[in-house]
Every structure is written in C-alpha cells, then in structure tokens.
$ cat structure.cif   # mmCIF, C-alpha atoms
data_target
loop_
_atom_site.group_PDB
_atom_site.id
_atom_site.type_symbol
_atom_site.label_atom_id
_atom_site.label_comp_id
_atom_site.auth_asym_id
_atom_site.auth_seq_id
_atom_site.Cartn_x
_atom_site.Cartn_y
_atom_site.Cartn_z
ATOM 1 C CA MET A 247 9.995 145.051 43.519
ATOM 2 C CA ASN A 248 6.616 144.158 44.946
ATOM 3 C CA TRP A 249 7.863 140.680 45.812
ATOM 4 C CA SER A 250 10.337 142.080 48.382
ATOM 5 C CA GLU A 251 8.402 144.903 50.054
ATOM 6 C CA LYS A 252 7.501 142.795 53.118
ATOM 7 C CA TRP A 253 11.045 141.910 54.144
ATOM 8 C CA LEU A 254 13.526 144.182 52.291
ATOM 9 C CA ASP A 255 14.096 147.641 53.822
ATOM 10 C CA GLU A 256 17.195 148.848 51.986
ATOM 11 C CA LEU A 257 19.402 147.637 49.161
ATOM 12 C CA SER A 258 21.959 149.980 47.630
ATOM 13 C CA LEU A 259 25.164 149.655 45.664
ATOM 14 C CA ARG A 260 27.699 152.445 45.318
ATOM 15 C CA ALA A 261 30.948 152.839 43.462
ATOM 16 C CA SER A 262 33.484 155.615 43.040
ATOM 17 C CA TYR A 263 36.802 156.174 41.301
ATOM 18 C CA GLY A 264 39.140 159.143 41.455
ATOM 19 C CA ILE A 265 42.625 160.360 40.658
ATOM 20 C CA ASN A 266 44.334 163.230 42.426
ATOM 21 C CA GLY A 267 47.891 164.300 43.037
ATOM 22 C CA SER A 268 50.294 166.652 44.672
ATOM 23 C CA ARG A 269 53.247 168.563 43.361
ATOM 24 C CA PRO A 270 56.839 167.627 44.208
ATOM 25 C CA LYS A 271 57.945 168.597 47.699
ATOM 26 C CA TYR A 272 60.721 171.039 46.712
ATOM 27 C CA ASP A 273 60.865 173.620 43.940
ATOM 28 C CA PHE A 274 63.395 173.429 41.108
ATOM 29 C CA THR A 275 64.536 169.860 41.784
ATOM 30 C CA HIS A 276 64.248 169.132 38.074
ATOM 31 C CA VAL A 277 67.214 171.496 37.490
ATOM 32 C CA GLY A 278 70.764 170.897 38.681
ATOM 33 C CA ILE A 279 71.739 173.860 40.893
ATOM 34 C CA TYR A 280 75.348 174.939 41.474
ATOM 35 C CA ASN A 281 76.615 177.062 44.357
ATOM 36 C CA VAL A 282 79.831 179.007 44.841
ATOM 37 C CA TYR A 283 82.193 178.370 47.745
ATOM 38 C CA ASP A 284 82.361 181.244 50.225
ATOM 39 C CA TYR A 285 86.174 181.481 50.145
ATOM 40 C CA PRO A 286 88.425 182.063 47.144
ATOM 41 C CA TYR A 287 91.524 180.077 46.296
ATOM 42 C CA LEU A 288 94.268 181.826 44.313
ATOM 43 C CA GLY A 289 91.816 184.621 43.565
ATOM 44 C CA GLU A 290 89.158 182.333 42.078
ATOM 45 C CA SER A 291 85.992 180.888 43.594
ATOM 46 C CA GLY A 292 85.104 177.259 43.088
ATOM 47 C CA THR A 293 81.664 175.831 42.363
ATOM 48 C CA TYR A 294 79.974 172.687 43.586
ATOM 49 C CA LEU A 295 76.774 170.830 42.722
ATOM 50 C CA TYR A 296 74.142 171.777 45.319
ATOM 51 C CA ASN A 297 71.472 169.251 44.258
ATOM 52 C CA LEU A 298 71.227 166.519 41.647
ATOM 53 C CA GLU A 299 68.999 166.968 38.632
ATOM 54 C CA GLN A 300 65.930 164.737 38.716
ATOM 55 C CA ILE A 301 65.152 163.865 35.120
ATOM 56 C CA ASN A 302 61.932 161.877 35.636
ATOM 57 C CA LEU A 303 60.354 164.282 38.123
ATOM 58 C CA ARG A 304 56.535 164.400 37.977
ATOM 59 C CA TRP A 305 53.536 164.964 40.207
ATOM 60 C CA GLU A 306 52.645 162.269 42.709
ATOM 61 C CA ARG A 307 49.499 160.502 41.526
ATOM 62 C CA THR A 308 47.025 158.822 43.866
ATOM 63 C CA THR A 309 44.314 156.527 42.486
ATOM 64 C CA GLN A 310 41.371 155.606 44.717
ATOM 65 C CA GLN A 311 38.643 153.033 44.091
ATOM 66 C CA ASN A 312 35.659 152.295 46.296
ATOM 67 C CA VAL A 313 32.764 149.807 45.997
ATOM 68 C CA GLY A 314 30.118 149.397 48.679
ATOM 69 C CA LEU A 315 26.876 147.537 49.364
ATOM 70 C CA ASN A 316 24.185 148.320 51.962
ATOM 71 C CA PHE A 317 21.524 145.767 52.844
ATOM 72 C CA ALA A 318 18.807 145.955 55.502
ATOM 73 C CA ALA A 319 15.933 143.511 55.984
ATOM 74 C CA PHE A 320 13.153 142.464 58.368
ATOM 75 C CA ASN A 321 12.473 145.927 59.854
ATOM 76 C CA ASN A 322 16.211 146.677 60.087
ATOM 77 C CA ARG A 323 16.925 143.624 62.257
ATOM 78 C CA ILE A 324 19.563 142.516 59.768
ATOM 79 C CA ASN A 325 21.992 145.180 58.562
ATOM 80 C CA VAL A 326 24.936 144.437 56.310
ATOM 81 C CA ASP A 327 27.436 147.036 55.092
ATOM 82 C CA LEU A 328 30.198 145.801 52.818
ATOM 83 C CA GLU A 329 32.983 148.063 51.654
ATOM 84 C CA PHE A 330 36.011 147.549 49.417
ATOM 85 C CA TYR A 331 38.526 150.400 49.262
ATOM 86 C CA LYS A 332 41.805 150.505 47.366
ATOM 87 C CA LYS A 333 44.310 153.380 47.300
ATOM 88 C CA THR A 334 47.428 153.336 45.135
ATOM 89 C CA ASN A 335 50.254 155.916 45.111
ATOM 90 C CA GLN A 336 52.415 156.262 42.034
#

$ encode --input "structure.cif" --output "structure tokens"
Amino acid sequence: MNWSEKWLDELSLRASYGINGSRPKYDFTHVGIYNVYDYPYLGESGTYLYNLEQINLRWERTTQQNVGLNFAAFNNRINVDLEFYKKTNQ
C-alpha cells in the first residue's frame, strides 16, 4: 500500500456474529401442575390445574450481527466510523 501512505492513516473492517440465549423464566412450565383445594367437600379434596403445559417451550435465542468500518485520512483530519448492528430475538 505504498500508493496510500501519504494520505491514508487508518482503514479497518470488522465483522462479528454470535448466538446466545437464556433459559425460560420459570421452572417446570413444560409440565402441567395440579394443586389440591385446601378444603374438602363430602370428605374428598378436589384438584385444579395450577399452570398450563407449554408444549413448545425452549430457550430464548438471541442472534447478533455486527459489521463496522473505520477510515482516517490526511493526518486524522477526516475520520469516518460506520457501524451496522442487528439483534434478533427468537
């Protein structure tokens, strides 16, 4: 790059990609849980559904993408920083 050493100070390109996630907020939501009423009726206790079963329960997935460009020229008189960032939750 001898042709640009008089005017170009910095030129860099960067890119990154990543996937991370977090577990579901509550434990055992993939199982239907039943509770028993506190009072009996005719000597028997009744049951009721405490939470609904979540069949398609999975970890939250976050995908992140980043592309950037740094450019400096003419003894750092011109500085350009470009950045593109995208974050997707699934």

$ atom_distance --input "structure.cif" --atom1 "atom CA of Asn302 of chain A" --atom2 "atom CA of Pro270 of chain A"
11.5 Å

$ resolve_selection --input "structure.cif" --expression "the PyMOL selection byres ((chain A and resi 332) around 6)" --output "list in words"
Gln310, Gln311, Tyr331 and Lys333 of chain A

$ residues_around --input "structure.cif" --residues "Ala318 of chain A" --least-positions-apart "6" --cutoff "10 Å" --atoms "only C-alpha atoms" --output "list of chain:residue names"
A:Trp253, A:Leu254, A:Asp255, A:Glu256, A:Leu257, A:Ser258, A:Ile324, A:Asn325, A:Val326, A:Asp327

$ resolve_selection --input "structure.cif" --expression "the PyMOL selection byres ((chain A and resi 266) around 8)" --output "VMD selection string"
chain A and resid 264 to 265 267 to 268 307 to 309

$ atom_distance --input "structure.cif" --atom1 "atom CA of Asn335 of chain A" --atom2 "atom CA of Gln300 of chain A"
19.1 Å

$ atom_distance --input "structure.cif" --atom1 "atom CA of Asn322 of chain A" --atom2 "atom CA of Lys252 of chain A"
11.8 Å

$ residues_around --input "structure.cif" --residues "Tyr296 of chain A" --least-positions-apart "6" --cutoff "10 Å" --atoms "all atoms listed in the file" --output "list of chain:residue names"
A:Gly278, A:Ile279, A:Tyr280, A:Asn281, A:Val282

$ write_last_selection --input "structure.cif" --atoms "C-alpha atoms" --output "PDB file, keeping the file's coordinate frame"
ATOM      1  CA  GLY A 278      70.764 170.897  38.681  1.00  0.00           C
ATOM      2  CA  ILE A 279      71.739 173.860  40.893  1.00  0.00           C
ATOM      3  CA  TYR A 280      75.348 174.939  41.474  1.00  0.00           C
ATOM      4  CA  ASN A 281      76.615 177.062  44.357  1.00  0.00           C
ATOM      5  CA  VAL A 282      79.831 179.007  44.841  1.00  0.00           C
TER       6      VAL A 282
END

$ residues_near_point --input "structure.cif" --point "(33.6, 147.6, 43.7)" --cutoff "6 Å" --atoms "all atoms listed in the file" --output "list in words"
Ala261, Asn312 and Val313 of chain A

$ write_last_selection --input "structure.cif" --atoms "C-alpha atoms" --output "PDB file, in the frame of the given file"
ATOM      1  CA  ALA A 261      30.948 152.839  43.462  1.00  0.00           C
ATOM      2  CA  ASN A 312      35.659 152.295  46.296  1.00  0.00           C
ATOM      3  CA  VAL A 313      32.764 149.807  45.997  1.00  0.00           C
TER       4      VAL A 313
END
